[in-house]
Amino acid sequence: MELLDKLNWRYAAKAMNGEKVAEDKIERILEAARLAPTSSGLQPFEIMVISNQEVKEKIRPVAWNQSVITDCSHLLVFAAWDTYTEDRINYMFDLTNTIRGFKNEGWENYRQMLLSAYPQKDAEENFNHAARQTYIAFSQAIAAAAFEGVDATPIEGFEPDAVDEILGLRAKGLRSAVLLPIGYRKEDEDWLVNLVKVRKPMEDLVTVID
């Protein structure tokens, strides 16, 4: 129930007060994102954690001038791989073998299957797949922020190419997928703060097939 209570408490804050979020809270939010499940365990994304005010000021104009970009404590930029490559796939499989301390024939066969599939696909198709995986981690970060009593505002309203240029993401083989300002709500300037949360009733959302 505690998690559900926190999720009922959270909303997409439209104004933040600039108060800094403690580093241990930021670390736990990032750890929740790191632990998120992804297709084949590849984790095809990186997270840029921006506390530098000058960088946030550069991003705000290309993010619909939303004040939470500059008034947040930390701006998280979730950036997906621009495509799947042999090196990226092999890195995760090698990492798994190193951490687990053994090789598994079935796992190695699965590696070869991915190597024969993903790198040959169109880069845009691969990016779209990677971006969908990125959203899983993004969602867990939102839930973790709520659990920490920290506001997090999901933002898709921005110019990805401009953010990529500001952060030099393309040179790293990354493309920005979604933004997540982290901070604390400024209640006296947030029109959304006292409005009742609205979600579909369960019967309109869930179909049970016995």
# chains A, B, ... in the order shown; residues from 1 in each chain; ligands from 1
$ residues_around --residues "Trp107 of chain A" --least-positions-apart "2" --cutoff "12 Å" --atoms "only C-alpha atoms" --output "ChimeraX atom specification"
/A:40-41,90,92-94,96-97,100,102-105,109-114
$ residues_around --residues "Arg34 of chain A" --least-positions-apart "3" --cutoff "10 Å" --atoms "only C-alpha atoms" --output "list in words"
Arg28, Ile29, Leu30, Glu31, Pro37, Thr38, Gln43, Phe45, Glu46, Ile47, Ala137, Phe138, Gln140 and Ala141 of chain A
$ select_by_dssp --residues "segment 12-201 of chain A" --states "strand (DSSP E or B)" --output "ChimeraX atom specification"
/A:16,45-50,74-81,151-152,155,174-183,185
$ closest_residue --among "A:Ile59, A:Ala13, A:Leu42, A:Gln133" --to "Ile89 of chain A" --atoms "only C-alpha atoms"
A:Leu42
$ residues_around --residues "segment 4-8 of chain A" --least-positions-apart "2" --cutoff "8 Å" --atoms "only C-alpha atoms" --output "ChimeraX atom specification"
/A:1-2,10-11,143,146-147,149,197
$ residues_around --residues "segment 172-174 of chain A" --least-positions-apart "2" --cutoff "8 Å" --atoms "only C-alpha atoms" --output "count of residues only"
12
$ residues_around --residues "Gln53 of chain A" --least-positions-apart "3" --cutoff "8 Å" --atoms "only C-alpha atoms" --output "PyMOL selection string"
chain A and resi 56-57+70
$ closest_residue --among "A:Asn194, A:Ser39, A:Ser51, A:Asn17" --to "Ile136 of chain A" --atoms "only C-alpha atoms"
A:Ser39
$ residues_around --residues "Gly18 of chain A" --least-positions-apart "2" --cutoff "8 Å" --atoms "only C-alpha atoms" --output "PDB file with N, CA, C and O atoms, in the first residue's frame"
ATOM      1  N   MET A  16       8.631  24.086  -9.890  1.00  0.00           N
ATOM      2  CA  MET A  16       9.516  23.588  -8.847  1.00  0.00           C
ATOM      3  C   MET A  16      10.213  24.748  -8.171  1.00  0.00           C
ATOM      4  O   MET A  16      10.379  25.820  -8.761  1.00  0.00           O
ATOM      5  N   LYS A  20      17.424  21.704  -3.579  1.00  0.00           N
ATOM      6  CA  LYS A  20      18.244  20.571  -3.990  1.00  0.00           C
ATOM      7  C   LYS A  20      17.753  19.272  -3.363  1.00  0.00           C
ATOM      8  O   LYS A  20      17.425  19.231  -2.178  1.00  0.00           O
ATOM      9  N   ASP A  71      14.289  25.106 -12.900  1.00  0.00           N
ATOM     10  CA  ASP A  71      13.986  25.208 -11.470  1.00  0.00           C
ATOM     11  C   ASP A  71      14.075  23.871 -10.741  1.00  0.00           C
ATOM     12  O   ASP A  71      13.862  23.817  -9.530  1.00  0.00           O
ATOM     13  N   CYS A  72      14.358  22.813 -11.474  1.00  0.00           N
ATOM     14  CA  CYS A  72      14.505  21.512 -10.829  1.00  0.00           C
ATOM     15  C   CYS A  72      15.867  21.423 -10.146  1.00  0.00           C
ATOM     16  O   CYS A  72      16.759  22.238 -10.367  1.00  0.00           O
ATOM     17  N   SER A  73      16.004  20.407  -9.325  1.00  0.00           N
ATOM     18  CA  SER A  73      17.293  20.132  -8.693  1.00  0.00           C
ATOM     19  C   SER A  73      18.240  19.453  -9.671  1.00  0.00           C
ATOM     20  O   SER A  73      19.367  19.902  -9.881  1.00  0.00           O
ATOM     21  N   GLY A 183      12.840  17.302  -8.500  1.00  0.00           N
ATOM     22  CA  GLY A 183      12.930  18.394  -7.535  1.00  0.00           C
ATOM     23  C   GLY A 183      11.748  18.402  -6.591  1.00  0.00           C
ATOM     24  O   GLY A 183      11.183  17.348  -6.281  1.00  0.00           O
ATOM     25  N   TYR A 184      11.372  19.599  -6.159  1.00  0.00           N
ATOM     26  CA  TYR A 184      10.264  19.743  -5.228  1.00  0.00           C
ATOM     27  C   TYR A 184       9.266  20.780  -5.743  1.00  0.00           C
ATOM     28  O   TYR A 184       9.658  21.853  -6.215  1.00  0.00           O
TER      29      TYR A 184
END
$ select_by_dssp --residues "segment 155-205 of chain A" --states "helix (DSSP H, G or I)" --output "ChimeraX atom specification"
/A:160-167,170-172,187-189,202-205
$ residues_around --residues "segment 62-67 of chain A" --least-positions-apart "4" --cutoff "7 Å" --atoms "only C-alpha atoms" --output "count of residues only"
6
$ atom_distance --atom1 "atom CA of Lys25 of chain A" --atom2 "atom CA of Tyr135 of chain A"
20.3 Å
$ decode --residues "segment 84-105 of chain A" --atoms "N, CA, C and O atoms" --output "PDB file, in the first residue's frame"
ATOM      1  N   TYR A  84      21.743  -0.686 -32.524  1.00  0.00           N
ATOM      2  CA  TYR A  84      22.401  -1.822 -31.869  1.00  0.00           C
ATOM      3  C   TYR A  84      23.619  -2.211 -32.702  1.00  0.00           C
ATOM      4  O   TYR A  84      23.522  -2.341 -33.917  1.00  0.00           O
ATOM      5  N   THR A  85      24.743  -2.390 -32.048  1.00  0.00           N
ATOM      6  CA  THR A  85      25.959  -2.805 -32.735  1.00  0.00           C
ATOM      7  C   THR A  85      26.487  -4.094 -32.105  1.00  0.00           C
ATOM      8  O   THR A  85      26.108  -4.462 -30.985  1.00  0.00           O
ATOM      9  N   GLU A  86      27.383  -4.752 -32.817  1.00  0.00           N
ATOM     10  CA  GLU A  86      27.992  -5.961 -32.275  1.00  0.00           C
ATOM     11  C   GLU A  86      28.729  -5.656 -30.974  1.00  0.00           C
ATOM     12  O   GLU A  86      28.649  -6.429 -30.007  1.00  0.00           O
ATOM     13  N   ASP A  87      29.452  -4.550 -30.933  1.00  0.00           N
ATOM     14  CA  ASP A  87      30.207  -4.200 -29.724  1.00  0.00           C
ATOM     15  C   ASP A  87      29.288  -4.000 -28.527  1.00  0.00           C
ATOM     16  O   ASP A  87      29.594  -4.453 -27.422  1.00  0.00           O
ATOM     17  N   ARG A  88      28.161  -3.325 -28.756  1.00  0.00           N
ATOM     18  CA  ARG A  88      27.247  -3.064 -27.648  1.00  0.00           C
ATOM     19  C   ARG A  88      26.598  -4.349 -27.143  1.00  0.00           C
ATOM     20  O   ARG A  88      26.454  -4.545 -25.931  1.00  0.00           O
ATOM     21  N   ILE A  89      26.222  -5.207 -28.052  1.00  0.00           N
ATOM     22  CA  ILE A  89      25.622  -6.480 -27.651  1.00  0.00           C
ATOM     23  C   ILE A  89      26.650  -7.349 -26.931  1.00  0.00           C
ATOM     24  O   ILE A  89      26.379  -7.913 -25.859  1.00  0.00           O
ATOM     25  N   ASN A  90      27.844  -7.435 -27.497  1.00  0.00           N
ATOM     26  CA  ASN A  90      28.882  -8.264 -26.881  1.00  0.00           C
ATOM     27  C   ASN A  90      29.273  -7.752 -25.494  1.00  0.00           C
ATOM     28  O   ASN A  90      29.564  -8.555 -24.596  1.00  0.00           O
ATOM     29  N   TYR A  91      29.292  -6.444 -25.331  1.00  0.00           N
ATOM     30  CA  TYR A  91      29.651  -5.883 -24.020  1.00  0.00           C
ATOM     31  C   TYR A  91      28.738  -6.422 -22.929  1.00  0.00           C
ATOM     32  O   TYR A  91      29.204  -6.862 -21.864  1.00  0.00           O
ATOM     33  N   MET A  92      27.419  -6.404 -23.170  1.00  0.00           N
ATOM     34  CA  MET A  92      26.482  -6.838 -22.139  1.00  0.00           C
ATOM     35  C   MET A  92      26.562  -8.344 -21.902  1.00  0.00           C
ATOM     36  O   MET A  92      26.456  -8.808 -20.766  1.00  0.00           O
ATOM     37  N   PHE A  93      26.769  -9.120 -22.953  1.00  0.00           N
ATOM     38  CA  PHE A  93      26.896 -10.562 -22.771  1.00  0.00           C
ATOM     39  C   PHE A  93      28.202 -10.904 -22.046  1.00  0.00           C
ATOM     40  O   PHE A  93      28.220 -11.777 -21.160  1.00  0.00           O
ATOM     41  N   ASP A  94      29.287 -10.215 -22.397  1.00  0.00           N
ATOM     42  CA  ASP A  94      30.556 -10.446 -21.716  1.00  0.00           C
ATOM     43  C   ASP A  94      30.465 -10.027 -20.245  1.00  0.00           C
ATOM     44  O   ASP A  94      31.012 -10.701 -19.369  1.00  0.00           O
ATOM     45  N   LEU A  95      29.784  -8.914 -19.992  1.00  0.00           N
ATOM     46  CA  LEU A  95      29.609  -8.449 -18.623  1.00  0.00           C
ATOM     47  C   LEU A  95      28.846  -9.491 -17.796  1.00  0.00           C
ATOM     48  O   LEU A  95      29.212  -9.783 -16.649  1.00  0.00           O
ATOM     49  N   THR A  96      27.806 -10.054 -18.386  1.00  0.00           N
ATOM     50  CA  THR A  96      27.025 -11.085 -17.710  1.00  0.00           C
ATOM     51  C   THR A  96      27.891 -12.286 -17.368  1.00  0.00           C
ATOM     52  O   THR A  96      27.856 -12.809 -16.243  1.00  0.00           O
ATOM     53  N   ASN A  97      28.693 -12.734 -18.322  1.00  0.00           N
ATOM     54  CA  ASN A  97      29.575 -13.890 -18.089  1.00  0.00           C
ATOM     55  C   ASN A  97      30.591 -13.600 -16.990  1.00  0.00           C
ATOM     56  O   ASN A  97      30.889 -14.461 -16.149  1.00  0.00           O
ATOM     57  N   THR A  98      31.117 -12.375 -16.978  1.00  0.00           N
ATOM     58  CA  THR A  98      32.112 -12.006 -15.970  1.00  0.00           C
ATOM     59  C   THR A  98      31.493 -11.979 -14.576  1.00  0.00           C
ATOM     60  O   THR A  98      32.052 -12.526 -13.618  1.00  0.00           O
ATOM     61  N   ILE A  99      30.322 -11.354 -14.462  1.00  0.00           N
ATOM     62  CA  ILE A  99      29.688 -11.224 -13.149  1.00  0.00           C
ATOM     63  C   ILE A  99      29.210 -12.573 -12.626  1.00  0.00           C
ATOM     64  O   ILE A  99      29.357 -12.893 -11.437  1.00  0.00           O
ATOM     65  N   ARG A 100      28.668 -13.398 -13.511  1.00  0.00           N
ATOM     66  CA  ARG A 100      28.170 -14.706 -13.068  1.00  0.00           C
ATOM     67  C   ARG A 100      29.274 -15.741 -12.925  1.00  0.00           C
ATOM     68  O   ARG A 100      29.102 -16.754 -12.252  1.00  0.00           O
ATOM     69  N   GLY A 101      30.392 -15.491 -13.579  1.00  0.00           N
ATOM     70  CA  GLY A 101      31.544 -16.365 -13.399  1.00  0.00           C
ATOM     71  C   GLY A 101      31.523 -17.636 -14.213  1.00  0.00           C
ATOM     72  O   GLY A 101      32.297 -18.559 -13.952  1.00  0.00           O
ATOM     73  N   PHE A 102      30.655 -17.695 -15.206  1.00  0.00           N
ATOM     74  CA  PHE A 102      30.637 -18.882 -16.072  1.00  0.00           C
ATOM     75  C   PHE A 102      29.969 -18.539 -17.399  1.00  0.00           C
ATOM     76  O   PHE A 102      29.277 -17.534 -17.517  1.00  0.00           O
ATOM     77  N   LYS A 103      30.194 -19.407 -18.397  1.00  0.00           N
ATOM     78  CA  LYS A 103      29.526 -19.276 -19.686  1.00  0.00           C
ATOM     79  C   LYS A 103      28.481 -20.364 -19.811  1.00  0.00           C
ATOM     80  O   LYS A 103      28.683 -21.492 -19.347  1.00  0.00           O
ATOM     81  N   ASN A 104      27.382 -20.012 -20.451  1.00  0.00           N
ATOM     82  CA  ASN A 104      26.282 -20.940 -20.631  1.00  0.00           C
ATOM     83  C   ASN A 104      26.033 -21.114 -22.119  1.00  0.00           C
ATOM     84  O   ASN A 104      25.932 -20.126 -22.857  1.00  0.00           O
ATOM     85  N   GLU A 105      25.950 -22.350 -22.585  1.00  0.00           N
ATOM     86  CA  GLU A 105      25.799 -22.598 -24.017  1.00  0.00           C
ATOM     87  C   GLU A 105      24.533 -21.961 -24.576  1.00  0.00           C
ATOM     88  O   GLU A 105      24.551 -21.345 -25.645  1.00  0.00           O
TER      89      GLU A 105
END
